[in-house]
Amino acid sequence: MATTTMSRFTVAISLPMSRLAAWAMVAPALIFASCDFIGGGSEDVSVNSAMHPVEIDGQWGFVSSEGRIAVVPAYDGADDFSDGRAAVQVGLDWGYIDEGGNVAVAPQYRIAGRFSEGLAAVRGSDLAAQYGFIDIFGNEVIPAQFDVAKPFSEGYAAVRVSGQWGFVSTNGTMVVPPTYADARSF
């Protein structure tokens, strides 16, 4: 049996196997591993909490580093804490809770990224919605105007406008005009 590692995935390939069958196994992992997710992928925002999301009986909550239930599972989805907030899903919409398990920002976004430098990229639930940035209290800091937005790093976030990437500062100023085919965080 041969083993190959791609990004965070390890795929075991039994030999002999037709090339088509091998690609049928490997292709989904390659596609998934290369996707950019807001707040995930290769540009993860550092997780700074002693609580971690867990699924119990189809519902998500949080456990402490000691394995104790810290937030009772009551959500359809959950992400790690960052900057004292964790994205949680209710139905199709995402909002944020604080480390006490209290709702900090009501679920209202189709996509809710991790907080970094006090801001998180969010996209509304409308199909034509664009990304903007909110603070940890849910206040809109940078209005929704981007096709895609990545987390802030060193005061800048990569954003895509009309298919081109540039960088925006934490106050919403476009500091590098969108002229690039792709961009990564600082």
# chains A, B, ... in the order shown; residues from 1 in each chain; ligands from 1

call {"tool": "residues_around", "arguments": {"residues": "Val88 in chain A", "least_positions_apart": "5", "cutoff": "8 Å", "atoms": "only C-alpha atoms", "output": "PDB file with all heavy atoms, in the first residue's frame"}}
result
ATOM      1  N   TYR A  75     -25.966  24.346  18.717  1.00  0.00           N
ATOM      2  CA  TYR A  75     -25.781  25.004  17.435  1.00  0.00           C
ATOM      3  C   TYR A  75     -25.627  23.991  16.301  1.00  0.00           C
ATOM      4  O   TYR A  75     -25.191  22.868  16.514  1.00  0.00           O
ATOM      5  CB  TYR A  75     -24.553  25.930  17.487  1.00  0.00           C
ATOM      6  CG  TYR A  75     -24.692  26.992  18.546  1.00  0.00           C
ATOM      7  CD1 TYR A  75     -24.057  26.866  19.777  1.00  0.00           C
ATOM      8  CD2 TYR A  75     -25.500  28.102  18.320  1.00  0.00           C
ATOM      9  CE1 TYR A  75     -24.210  27.831  20.759  1.00  0.00           C
ATOM     10  CE2 TYR A  75     -25.661  29.067  19.299  1.00  0.00           C
ATOM     11  CZ  TYR A  75     -25.012  28.927  20.512  1.00  0.00           C
ATOM     12  OH  TYR A  75     -25.176  29.889  21.492  1.00  0.00           O
ATOM     13  N   ASP A  76     -25.980  24.428  15.101  1.00  0.00           N
ATOM     14  CA  ASP A  76     -25.860  23.580  13.904  1.00  0.00           C
ATOM     15  C   ASP A  76     -24.429  23.545  13.382  1.00  0.00           C
ATOM     16  O   ASP A  76     -24.086  22.679  12.587  1.00  0.00           O
ATOM     17  CB  ASP A  76     -26.812  24.073  12.807  1.00  0.00           C
ATOM     18  CG  ASP A  76     -28.261  23.977  13.242  1.00  0.00           C
ATOM     19  OD1 ASP A  76     -28.639  22.926  13.807  1.00  0.00           O
ATOM     20  OD2 ASP A  76     -29.017  24.946  13.032  1.00  0.00           O
ATOM     21  N   GLY A  77     -23.603  24.470  13.798  1.00  0.00           N
ATOM     22  CA  GLY A  77     -22.199  24.526  13.412  1.00  0.00           C
ATOM     23  C   GLY A  77     -21.464  25.443  14.367  1.00  0.00           C
ATOM     24  O   GLY A  77     -22.087  26.253  15.071  1.00  0.00           O
ATOM     25  N   ALA A  78     -20.146  25.302  14.429  1.00  0.00           N
ATOM     26  CA  ALA A  78     -19.345  26.157  15.312  1.00  0.00           C
ATOM     27  C   ALA A  78     -17.914  26.199  14.806  1.00  0.00           C
ATOM     28  O   ALA A  78     -17.424  25.241  14.214  1.00  0.00           O
ATOM     29  CB  ALA A  78     -19.381  25.640  16.747  1.00  0.00           C
ATOM     30  N   ASP A  79     -17.252  27.313  15.040  1.00  0.00           N
ATOM     31  CA  ASP A  79     -15.850  27.490  14.674  1.00  0.00           C
ATOM     32  C   ASP A  79     -15.071  27.808  15.949  1.00  0.00           C
ATOM     33  O   ASP A  79     -15.656  28.074  17.002  1.00  0.00           O
ATOM     34  CB  ASP A  79     -15.718  28.625  13.648  1.00  0.00           C
ATOM     35  CG  ASP A  79     -14.391  28.625  12.921  1.00  0.00           C
ATOM     36  OD1 ASP A  79     -13.599  27.675  13.092  1.00  0.00           O
ATOM     37  OD2 ASP A  79     -14.131  29.589  12.182  1.00  0.00           O
ATOM     38  N   TRP A  94     -25.135  32.441  10.451  1.00  0.00           N
ATOM     39  CA  TRP A  94     -24.050  32.432  11.433  1.00  0.00           C
ATOM     40  C   TRP A  94     -24.049  33.739  12.218  1.00  0.00           C
ATOM     41  O   TRP A  94     -24.351  34.801  11.687  1.00  0.00           O
ATOM     42  CB  TRP A  94     -22.698  32.301  10.727  1.00  0.00           C
ATOM     43  CG  TRP A  94     -22.456  30.943  10.147  1.00  0.00           C
ATOM     44  CD1 TRP A  94     -22.921  30.471   8.945  1.00  0.00           C
ATOM     45  CD2 TRP A  94     -21.696  29.888  10.719  1.00  0.00           C
ATOM     46  NE1 TRP A  94     -22.491  29.178   8.749  1.00  0.00           N
ATOM     47  CE2 TRP A  94     -21.727  28.797   9.825  1.00  0.00           C
ATOM     48  CE3 TRP A  94     -20.980  29.751  11.910  1.00  0.00           C
ATOM     49  CZ2 TRP A  94     -21.084  27.597  10.086  1.00  0.00           C
ATOM     50  CZ3 TRP A  94     -20.331  28.554  12.166  1.00  0.00           C
ATOM     51  CH2 TRP A  94     -20.386  27.493  11.266  1.00  0.00           C
ATOM     52  N   GLY A  95     -23.702  33.623  13.482  1.00  0.00           N
ATOM     53  CA  GLY A  95     -23.501  34.770  14.355  1.00  0.00           C
ATOM     54  C   GLY A  95     -22.302  34.453  15.234  1.00  0.00           C
ATOM     55  O   GLY A  95     -21.507  33.562  14.912  1.00  0.00           O
ATOM     56  N   TYR A  96     -22.182  35.133  16.351  1.00  0.00           N
ATOM     57  CA  TYR A  96     -21.031  34.939  17.236  1.00  0.00           C
ATOM     58  C   TYR A  96     -21.475  34.863  18.683  1.00  0.00           C
ATOM     59  O   TYR A  96     -22.415  35.552  19.088  1.00  0.00           O
ATOM     60  CB  TYR A  96     -20.038  36.093  17.090  1.00  0.00           C
ATOM     61  CG  TYR A  96     -19.408  36.178  15.720  1.00  0.00           C
ATOM     62  CD1 TYR A  96     -19.989  36.938  14.714  1.00  0.00           C
ATOM     63  CD2 TYR A  96     -18.244  35.480  15.428  1.00  0.00           C
ATOM     64  CE1 TYR A  96     -19.420  37.008  13.451  1.00  0.00           C
ATOM     65  CE2 TYR A  96     -17.667  35.543  14.169  1.00  0.00           C
ATOM     66  CZ  TYR A  96     -18.261  36.313  13.187  1.00  0.00           C
ATOM     67  OH  TYR A  96     -17.698  36.375  11.938  1.00  0.00           O
ATOM     68  N   ILE A  97     -20.752  34.036  19.455  1.00  0.00           N
ATOM     69  CA  ILE A  97     -20.937  34.001  20.902  1.00  0.00           C
ATOM     70  C   ILE A  97     -19.638  34.452  21.555  1.00  0.00           C
ATOM     71  O   ILE A  97     -18.574  34.397  20.942  1.00  0.00           O
ATOM     72  CB  ILE A  97     -21.336  32.598  21.415  1.00  0.00           C
ATOM     73  CG1 ILE A  97     -20.255  31.552  21.111  1.00  0.00           C
ATOM     74  CG2 ILE A  97     -22.692  32.191  20.864  1.00  0.00           C
ATOM     75  CD1 ILE A  97     -20.477  30.207  21.793  1.00  0.00           C
ATOM     76  N   PRO A 107     -27.210  35.563  14.909  1.00  0.00           N
ATOM     77  CA  PRO A 107     -27.021  34.914  13.604  1.00  0.00           C
ATOM     78  C   PRO A 107     -27.785  35.657  12.507  1.00  0.00           C
ATOM     79  O   PRO A 107     -28.997  35.822  12.594  1.00  0.00           O
ATOM     80  CB  PRO A 107     -27.596  33.505  13.818  1.00  0.00           C
ATOM     81  CG  PRO A 107     -27.493  33.285  15.292  1.00  0.00           C
ATOM     82  CD  PRO A 107     -27.740  34.638  15.903  1.00  0.00           C
TER      83      PRO A 107
END

call {"tool": "atom_distance", "arguments": {"atom1": "CA of Gly118 in chain A", "atom2": "CA of Ala50 in chain A"}}
result
18.5 Å

call {"tool": "residues_around", "arguments": {"residues": "Arg114 in chain A", "least_positions_apart": "2", "cutoff": "8 Å", "atoms": "only C-alpha atoms", "output": "VMD selection string"}}
result
chain A and resid 38 to 39 45 79 to 82 85 to 87 112 116 120 to 121 151

call {"tool": "atom_distance", "arguments": {"atom1": "CA of Val161 in chain A", "atom2": "CA of Asp126 in chain A"}}
result
17.8 Å

call {"tool": "select_by_dssp", "arguments": {"residues": "range 21-175 of chain A", "states": "helix (DSSP H, G or I)", "output": "PDB file with all heavy atoms, in the first residue's frame"}}
result
ATOM      1  N   ALA A  21      -9.278   5.133 -11.132  1.00  0.00           N
ATOM      2  CA  ALA A  21      -9.755   4.866  -9.772  1.00  0.00           C
ATOM      3  C   ALA A  21      -8.926   5.637  -8.742  1.00  0.00           C
ATOM      4  O   ALA A  21      -9.461   6.159  -7.769  1.00  0.00           O
ATOM      5  CB  ALA A  21      -9.711   3.368  -9.482  1.00  0.00           C
ATOM      6  N   ALA A  22      -7.611   5.715  -8.967  1.00  0.00           N
ATOM      7  CA  ALA A  22      -6.750   6.463  -8.054  1.00  0.00           C
ATOM      8  C   ALA A  22      -7.122   7.937  -8.057  1.00  0.00           C
ATOM      9  O   ALA A  22      -7.207   8.571  -7.001  1.00  0.00           O
ATOM     10  CB  ALA A  22      -5.283   6.271  -8.432  1.00  0.00           C
ATOM     11  N   TRP A  23      -7.340   8.513  -9.228  1.00  0.00           N
ATOM     12  CA  TRP A  23      -7.718   9.930  -9.305  1.00  0.00           C
ATOM     13  C   TRP A  23      -9.086  10.168  -8.685  1.00  0.00           C
ATOM     14  O   TRP A  23      -9.336  11.208  -8.084  1.00  0.00           O
ATOM     15  CB  TRP A  23      -7.678  10.447 -10.736  1.00  0.00           C
ATOM     16  CG  TRP A  23      -6.323  10.933 -11.101  1.00  0.00           C
ATOM     17  CD1 TRP A  23      -5.446  10.379 -11.972  1.00  0.00           C
ATOM     18  CD2 TRP A  23      -5.658  12.078 -10.548  1.00  0.00           C
ATOM     19  NE1 TRP A  23      -4.281  11.094 -11.992  1.00  0.00           N
ATOM     20  CE2 TRP A  23      -4.381  12.151 -11.134  1.00  0.00           C
ATOM     21  CE3 TRP A  23      -6.003  13.041  -9.613  1.00  0.00           C
ATOM     22  CZ2 TRP A  23      -3.457  13.135 -10.821  1.00  0.00           C
ATOM     23  CZ3 TRP A  23      -5.085  14.040  -9.300  1.00  0.00           C
ATOM     24  CH2 TRP A  23      -3.833  14.071  -9.905  1.00  0.00           C
ATOM     25  N   ALA A  24      -9.989   9.200  -8.810  1.00  0.00           N
ATOM     26  CA  ALA A  24     -11.316   9.344  -8.209  1.00  0.00           C
ATOM     27  C   ALA A  24     -11.204   9.459  -6.693  1.00  0.00           C
ATOM     28  O   ALA A  24     -12.002  10.135  -6.052  1.00  0.00           O
ATOM     29  CB  ALA A  24     -12.198   8.158  -8.591  1.00  0.00           C
ATOM     30  N   MET A  25     -10.206   8.806  -6.106  1.00  0.00           N
ATOM     31  CA  MET A  25      -9.996   8.902  -4.665  1.00  0.00           C
ATOM     32  C   MET A  25      -9.262  10.180  -4.272  1.00  0.00           C
ATOM     33  O   MET A  25      -9.575  10.808  -3.270  1.00  0.00           O
ATOM     34  CB  MET A  25      -9.167   7.710  -4.168  1.00  0.00           C
ATOM     35  CG  MET A  25      -9.922   6.430  -4.027  1.00  0.00           C
ATOM     36  SD  MET A  25      -8.863   5.063  -3.495  1.00  0.00           S
ATOM     37  CE  MET A  25      -7.845   5.789  -2.245  1.00  0.00           C
ATOM     38  N   VAL A  26      -8.273  10.561  -5.034  1.00  0.00           N
ATOM     39  CA  VAL A  26      -7.387  11.658  -4.678  1.00  0.00           C
ATOM     40  C   VAL A  26      -7.956  13.022  -5.044  1.00  0.00           C
ATOM     41  O   VAL A  26      -7.782  13.987  -4.303  1.00  0.00           O
ATOM     42  CB  VAL A  26      -6.005  11.452  -5.326  1.00  0.00           C
ATOM     43  CG1 VAL A  26      -5.100  12.642  -5.085  1.00  0.00           C
ATOM     44  CG2 VAL A  26      -5.363  10.179  -4.797  1.00  0.00           C
ATOM     45  N   ALA A  27      -8.666  13.133  -6.149  1.00  0.00           N
ATOM     46  CA  ALA A  27      -9.137  14.430  -6.640  1.00  0.00           C
ATOM     47  C   ALA A  27      -9.974  15.198  -5.624  1.00  0.00           C
ATOM     48  O   ALA A  27      -9.732  16.384  -5.396  1.00  0.00           O
ATOM     49  CB  ALA A  27      -9.897  14.264  -7.962  1.00  0.00           C
ATOM     50  N   PRO A  28     -10.977  14.565  -4.955  1.00  0.00           N
ATOM     51  CA  PRO A  28     -11.744  15.350  -3.972  1.00  0.00           C
ATOM     52  C   PRO A  28     -10.875  15.914  -2.854  1.00  0.00           C
ATOM     53  O   PRO A  28     -11.072  17.041  -2.420  1.00  0.00           O
ATOM     54  CB  PRO A  28     -12.760  14.340  -3.430  1.00  0.00           C
ATOM     55  CG  PRO A  28     -12.899  13.317  -4.512  1.00  0.00           C
ATOM     56  CD  PRO A  28     -11.527  13.231  -5.145  1.00  0.00           C
ATOM     57  N   ALA A  29      -9.898  15.144  -2.383  1.00  0.00           N
ATOM     58  CA  ALA A  29      -9.009  15.637  -1.319  1.00  0.00           C
ATOM     59  C   ALA A  29      -8.172  16.804  -1.816  1.00  0.00           C
ATOM     60  O   ALA A  29      -7.960  17.777  -1.097  1.00  0.00           O
ATOM     61  CB  ALA A  29      -8.111  14.510  -0.816  1.00  0.00           C
ATOM     62  N   LEU A  30      -7.683  16.723  -3.052  1.00  0.00           N
ATOM     63  CA  LEU A  30      -6.891  17.821  -3.611  1.00  0.00           C
ATOM     64  C   LEU A  30      -7.729  19.079  -3.756  1.00  0.00           C
ATOM     65  O   LEU A  30      -7.285  20.172  -3.431  1.00  0.00           O
ATOM     66  CB  LEU A  30      -6.323  17.422  -4.979  1.00  0.00           C
ATOM     67  CG  LEU A  30      -5.151  16.457  -4.971  1.00  0.00           C
ATOM     68  CD1 LEU A  30      -4.839  16.017  -6.404  1.00  0.00           C
ATOM     69  CD2 LEU A  30      -3.940  17.077  -4.336  1.00  0.00           C
ATOM     70  N   ILE A  31      -8.947  18.917  -4.254  1.00  0.00           N
ATOM     71  CA  ILE A  31      -9.820  20.076  -4.446  1.00  0.00           C
ATOM     72  C   ILE A  31     -10.137  20.703  -3.104  1.00  0.00           C
ATOM     73  O   ILE A  31     -10.030  21.904  -2.916  1.00  0.00           O
ATOM     74  CB  ILE A  31     -11.102  19.668  -5.192  1.00  0.00           C
ATOM     75  CG1 ILE A  31     -10.756  19.304  -6.645  1.00  0.00           C
ATOM     76  CG2 ILE A  31     -12.141  20.783  -5.140  1.00  0.00           C
ATOM     77  CD1 ILE A  31     -11.877  18.623  -7.385  1.00  0.00           C
ATOM     78  N   PHE A  32     -10.532  19.882  -2.110  1.00  0.00           N
ATOM     79  CA  PHE A  32     -10.876  20.393  -0.791  1.00  0.00           C
ATOM     80  C   PHE A  32      -9.677  21.070  -0.135  1.00  0.00           C
ATOM     81  O   PHE A  32      -9.787  22.137   0.436  1.00  0.00           O
ATOM     82  CB  PHE A  32     -11.404  19.268   0.090  1.00  0.00           C
ATOM     83  CG  PHE A  32     -11.826  19.734   1.447  1.00  0.00           C
ATOM     84  CD1 PHE A  32     -12.992  20.457   1.615  1.00  0.00           C
ATOM     85  CD2 PHE A  32     -11.048  19.473   2.562  1.00  0.00           C
ATOM     86  CE1 PHE A  32     -13.374  20.900   2.858  1.00  0.00           C
ATOM     87  CE2 PHE A  32     -11.424  19.913   3.810  1.00  0.00           C
ATOM     88  CZ  PHE A  32     -12.597  20.625   3.957  1.00  0.00           C
ATOM     89  N   ALA A  33      -8.518  20.465  -0.254  1.00  0.00           N
ATOM     90  CA  ALA A  33      -7.316  21.006   0.393  1.00  0.00           C
ATOM     91  C   ALA A  33      -6.891  22.325  -0.214  1.00  0.00           C
ATOM     92  O   ALA A  33      -6.260  23.142   0.446  1.00  0.00           O
ATOM     93  CB  ALA A  33      -6.173  20.000   0.297  1.00  0.00           C
ATOM     94  N   SER A  34      -7.227  22.572  -1.476  1.00  0.00           N
ATOM     95  CA  SER A  34      -6.785  23.802  -2.126  1.00  0.00           C
ATOM     96  C   SER A  34      -7.791  24.937  -2.002  1.00  0.00           C
ATOM     97  O   SER A  34      -7.530  26.031  -2.460  1.00  0.00           O
ATOM     98  CB  SER A  34      -6.497  23.534  -3.607  1.00  0.00           C
ATOM     99  OG  SER A  34      -7.700  23.215  -4.284  1.00  0.00           O
ATOM    100  N   GLY A  41      -8.243  27.345   5.999  1.00  0.00           N
ATOM    101  CA  GLY A  41      -7.264  27.049   4.972  1.00  0.00           C
ATOM    102  C   GLY A  41      -5.863  27.327   5.434  1.00  0.00           C
ATOM    103  O   GLY A  41      -5.542  27.229   6.610  1.00  0.00           O
ATOM    104  N   SER A  42      -5.007  27.690   4.495  1.00  0.00           N
ATOM    105  CA  SER A  42      -3.601  27.878   4.818  1.00  0.00           C
ATOM    106  C   SER A  42      -3.340  29.186   5.554  1.00  0.00           C
ATOM    107  O   SER A  42      -2.250  29.419   6.026  1.00  0.00           O
ATOM    108  CB  SER A  42      -2.783  27.839   3.528  1.00  0.00           C
ATOM    109  OG  SER A  42      -3.187  28.900   2.690  1.00  0.00           O
ATOM    110  N   GLU A  43      -4.344  30.039   5.642  1.00  0.00           N
ATOM    111  CA  GLU A  43      -4.157  31.329   6.292  1.00  0.00           C
ATOM    112  C   GLU A  43      -4.958  31.404   7.585  1.00  0.00           C
ATOM    113  O   GLU A  43      -5.611  32.386   7.866  1.00  0.00           O
ATOM    114  CB  GLU A  43      -4.586  32.446   5.352  1.00  0.00           C
ATOM    115  CG  GLU A  43      -3.763  32.461   4.090  1.00  0.00           C
ATOM    116  CD  GLU A  43      -4.168  33.572   3.162  1.00  0.00           C
ATOM    117  OE1 GLU A  43      -5.257  33.504   2.592  1.00  0.00           O
ATOM    118  OE2 GLU A  43      -3.381  34.519   3.030  1.00  0.00           O
TER     119      GLU A  43
END

call {"tool": "residues_around", "arguments": {"residues": "Ala157 in chain A", "least_positions_apart": "4", "cutoff": "10 Å", "atoms": "only C-alpha atoms", "output": "VMD selection string"}}
result
chain A and resid 116 121 149 to 153 166 to 170 172 174 to 175 183 to 186

call {"tool": "residues_around", "arguments": {"residues": "Ile69 in chain A", "least_positions_apart": "4", "cutoff": "12 Å", "atoms": "only C-alpha atoms", "output": "PDB file with C-alpha atoms, in the first residue's frame"}}
result
ATOM      1  CA  ALA A  50      -9.030  27.306  25.962  1.00  0.00           C
ATOM      2  CA  MET A  51     -12.384  26.229  24.477  1.00  0.00           C
ATOM      3  CA  HIS A  52     -12.815  24.133  21.378  1.00  0.00           C
ATOM      4  CA  PRO A  53     -15.878  23.238  19.266  1.00  0.00           C
ATOM      5  CA  VAL A  54     -17.312  19.719  19.568  1.00  0.00           C
ATOM      6  CA  GLU A  55     -20.325  17.979  18.080  1.00  0.00           C
ATOM      7  CA  ILE A  56     -22.560  15.900  20.344  1.00  0.00           C
ATOM      8  CA  TRP A  60     -22.254  21.863  18.351  1.00  0.00           C
ATOM      9  CA  GLY A  61     -20.982  23.323  21.593  1.00  0.00           C
ATOM     10  CA  PHE A  62     -17.602  23.884  23.237  1.00  0.00           C
ATOM     11  CA  VAL A  63     -15.389  21.981  25.650  1.00  0.00           C
ATOM     12  CA  SER A  64     -12.600  23.270  27.825  1.00  0.00           C
ATOM     13  CA  SER A  65      -9.024  22.062  27.441  1.00  0.00           C
ATOM     14  CA  PRO A  73     -24.222  21.995  22.392  1.00  0.00           C
ATOM     15  CA  ALA A  74     -27.099  23.955  20.841  1.00  0.00           C
ATOM     16  CA  GLY A 100     -19.315  32.863  28.372  1.00  0.00           C
ATOM     17  CA  GLY A 101     -21.601  31.304  25.758  1.00  0.00           C
TER      18      GLY A 101
END

call {"tool": "decode", "arguments": {"residues": "range 87-118 of chain A", "atoms": "N, CA and C atoms", "output": "mmCIF file, in the first residue's frame"}}
result
data_model
loop_
_atom_site.group_PDB
_atom_site.id
_atom_site.type_symbol
_atom_site.label_atom_id
_atom_site.label_comp_id
_atom_site.auth_asym_id
_atom_site.auth_seq_id
_atom_site.Cartn_x
_atom_site.Cartn_y
_atom_site.Cartn_z
ATOM 1 N N ALA A 87 -17.721 31.886 15.913
ATOM 2 C CA ALA A 87 -18.860 31.856 15.007
ATOM 3 C C ALA A 87 -19.680 30.605 15.304
ATOM 4 N N VAL A 88 -21.008 30.768 15.383
ATOM 5 C CA VAL A 88 -21.925 29.657 15.589
ATOM 6 C C VAL A 88 -23.053 29.749 14.569
ATOM 7 N N GLN A 89 -23.536 28.590 14.157
ATOM 8 C CA GLN A 89 -24.558 28.521 13.112
ATOM 9 C C GLN A 89 -25.896 28.093 13.706
ATOM 10 N N VAL A 90 -26.952 28.828 13.311
ATOM 11 C CA VAL A 90 -28.320 28.489 13.656
ATOM 12 C C VAL A 90 -29.081 28.441 12.337
ATOM 13 N N GLY A 91 -29.493 27.239 11.941
ATOM 14 C CA GLY A 91 -30.103 27.085 10.619
ATOM 15 C C GLY A 91 -29.044 27.362 9.565
ATOM 16 N N LEU A 92 -29.335 28.284 8.662
ATOM 17 C CA LEU A 92 -28.369 28.632 7.616
ATOM 18 C C LEU A 92 -27.496 29.827 7.987
ATOM 19 N N ASP A 93 -27.866 30.526 9.043
ATOM 20 C CA ASP A 93 -27.178 31.769 9.384
ATOM 21 C C ASP A 93 -26.166 31.592 10.506
ATOM 22 N N TRP A 94 -25.135 32.441 10.451
ATOM 23 C CA TRP A 94 -24.050 32.432 11.433
ATOM 24 C C TRP A 94 -24.049 33.739 12.218
ATOM 25 N N GLY A 95 -23.702 33.623 13.482
ATOM 26 C CA GLY A 95 -23.501 34.770 14.355
ATOM 27 C C GLY A 95 -22.302 34.453 15.234
ATOM 28 N N TYR A 96 -22.182 35.133 16.351
ATOM 29 C CA TYR A 96 -21.031 34.939 17.236
ATOM 30 C C TYR A 96 -21.475 34.863 18.683
ATOM 31 N N ILE A 97 -20.752 34.036 19.455
ATOM 32 C CA ILE A 97 -20.937 34.001 20.902
ATOM 33 C C ILE A 97 -19.638 34.452 21.555
ATOM 34 N N ASP A 98 -19.753 34.881 22.829
ATOM 35 C CA ASP A 98 -18.554 35.217 23.592
ATOM 36 C C ASP A 98 -18.108 33.982 24.370
ATOM 37 N N GLU A 99 -17.019 34.091 25.122
ATOM 38 C CA GLU A 99 -16.473 32.938 25.830
ATOM 39 C C GLU A 99 -17.344 32.484 26.998
ATOM 40 N N GLY A 100 -18.344 33.266 27.356
ATOM 41 C CA GLY A 100 -19.315 32.863 28.372
ATOM 42 C C GLY A 100 -20.498 32.119 27.771
ATOM 43 N N GLY A 101 -20.502 31.983 26.434
ATOM 44 C CA GLY A 101 -21.601 31.304 25.758
ATOM 45 C C GLY A 101 -22.765 32.216 25.425
ATOM 46 N N ASN A 102 -22.621 33.521 25.692
ATOM 47 C CA ASN A 102 -23.675 34.493 25.402
ATOM 48 C C ASN A 102 -23.614 34.927 23.945
ATOM 49 N N VAL A 103 -24.777 35.166 23.352
ATOM 50 C CA VAL A 103 -24.821 35.661 21.975
ATOM 51 C C VAL A 103 -24.245 37.070 21.953
ATOM 52 N N ALA A 104 -23.192 37.260 21.173
ATOM 53 C CA ALA A 104 -22.553 38.573 21.031
ATOM 54 C C ALA A 104 -23.043 39.275 19.769
ATOM 55 N N VAL A 105 -23.243 38.491 18.706
ATOM 56 C CA VAL A 105 -23.766 39.003 17.437
ATOM 57 C C VAL A 105 -24.787 37.974 16.960
ATOM 58 N N ALA A 106 -26.043 38.390 16.824
ATOM 59 C CA ALA A 106 -27.115 37.470 16.439
ATOM 60 C C ALA A 106 -26.832 36.832 15.080
ATOM 61 N N PRO A 107 -27.210 35.563 14.909
ATOM 62 C CA PRO A 107 -27.021 34.914 13.604
ATOM 63 C C PRO A 107 -27.785 35.657 12.507
ATOM 64 N N GLN A 108 -27.032 36.133 11.515
ATOM 65 C CA GLN A 108 -27.618 36.899 10.421
ATOM 66 C C GLN A 108 -26.767 36.851 9.153
ATOM 67 N N TYR A 109 -25.661 36.140 9.214
ATOM 68 C CA TYR A 109 -24.724 36.106 8.095
ATOM 69 C C TYR A 109 -24.677 34.713 7.475
ATOM 70 N N ARG A 110 -24.541 34.653 6.170
ATOM 71 C CA ARG A 110 -24.378 33.361 5.516
ATOM 72 C C ARG A 110 -22.969 32.829 5.720
ATOM 73 N N ILE A 111 -21.993 33.747 5.810
ATOM 74 C CA ILE A 111 -20.610 33.373 6.103
ATOM 75 C C ILE A 111 -20.091 34.321 7.178
ATOM 76 N N ALA A 112 -19.436 33.736 8.186
ATOM 77 C CA ALA A 112 -18.876 34.520 9.291
ATOM 78 C C ALA A 112 -17.458 34.029 9.540
ATOM 79 N N GLY A 113 -16.478 34.854 9.230
ATOM 80 C CA GLY A 113 -15.080 34.481 9.414
ATOM 81 C C GLY A 113 -14.627 34.663 10.843
ATOM 82 N N ARG A 114 -13.427 34.194 11.115
ATOM 83 C CA ARG A 114 -12.833 34.368 12.443
ATOM 84 C C ARG A 114 -12.373 35.802 12.629
ATOM 85 N N PHE A 115 -12.431 36.263 13.865
ATOM 86 C CA PHE A 115 -11.943 37.598 14.182
ATOM 87 C C PHE A 115 -10.424 37.610 14.181
ATOM 88 N N SER A 116 -9.874 38.681 13.666
ATOM 89 C CA SER A 116 -8.441 38.913 13.666
ATOM 90 C C SER A 116 -8.243 40.420 13.727
ATOM 91 N N GLU A 117 -7.452 40.848 14.672
ATOM 92 C CA GLU A 117 -7.217 42.280 14.880
ATOM 93 C C GLU A 117 -8.527 43.018 15.141
ATOM 94 N N GLY A 118 -9.461 42.330 15.818
ATOM 95 C CA GLY A 118 -10.728 42.932 16.212
ATOM 96 C C GLY A 118 -11.787 42.979 15.136
#
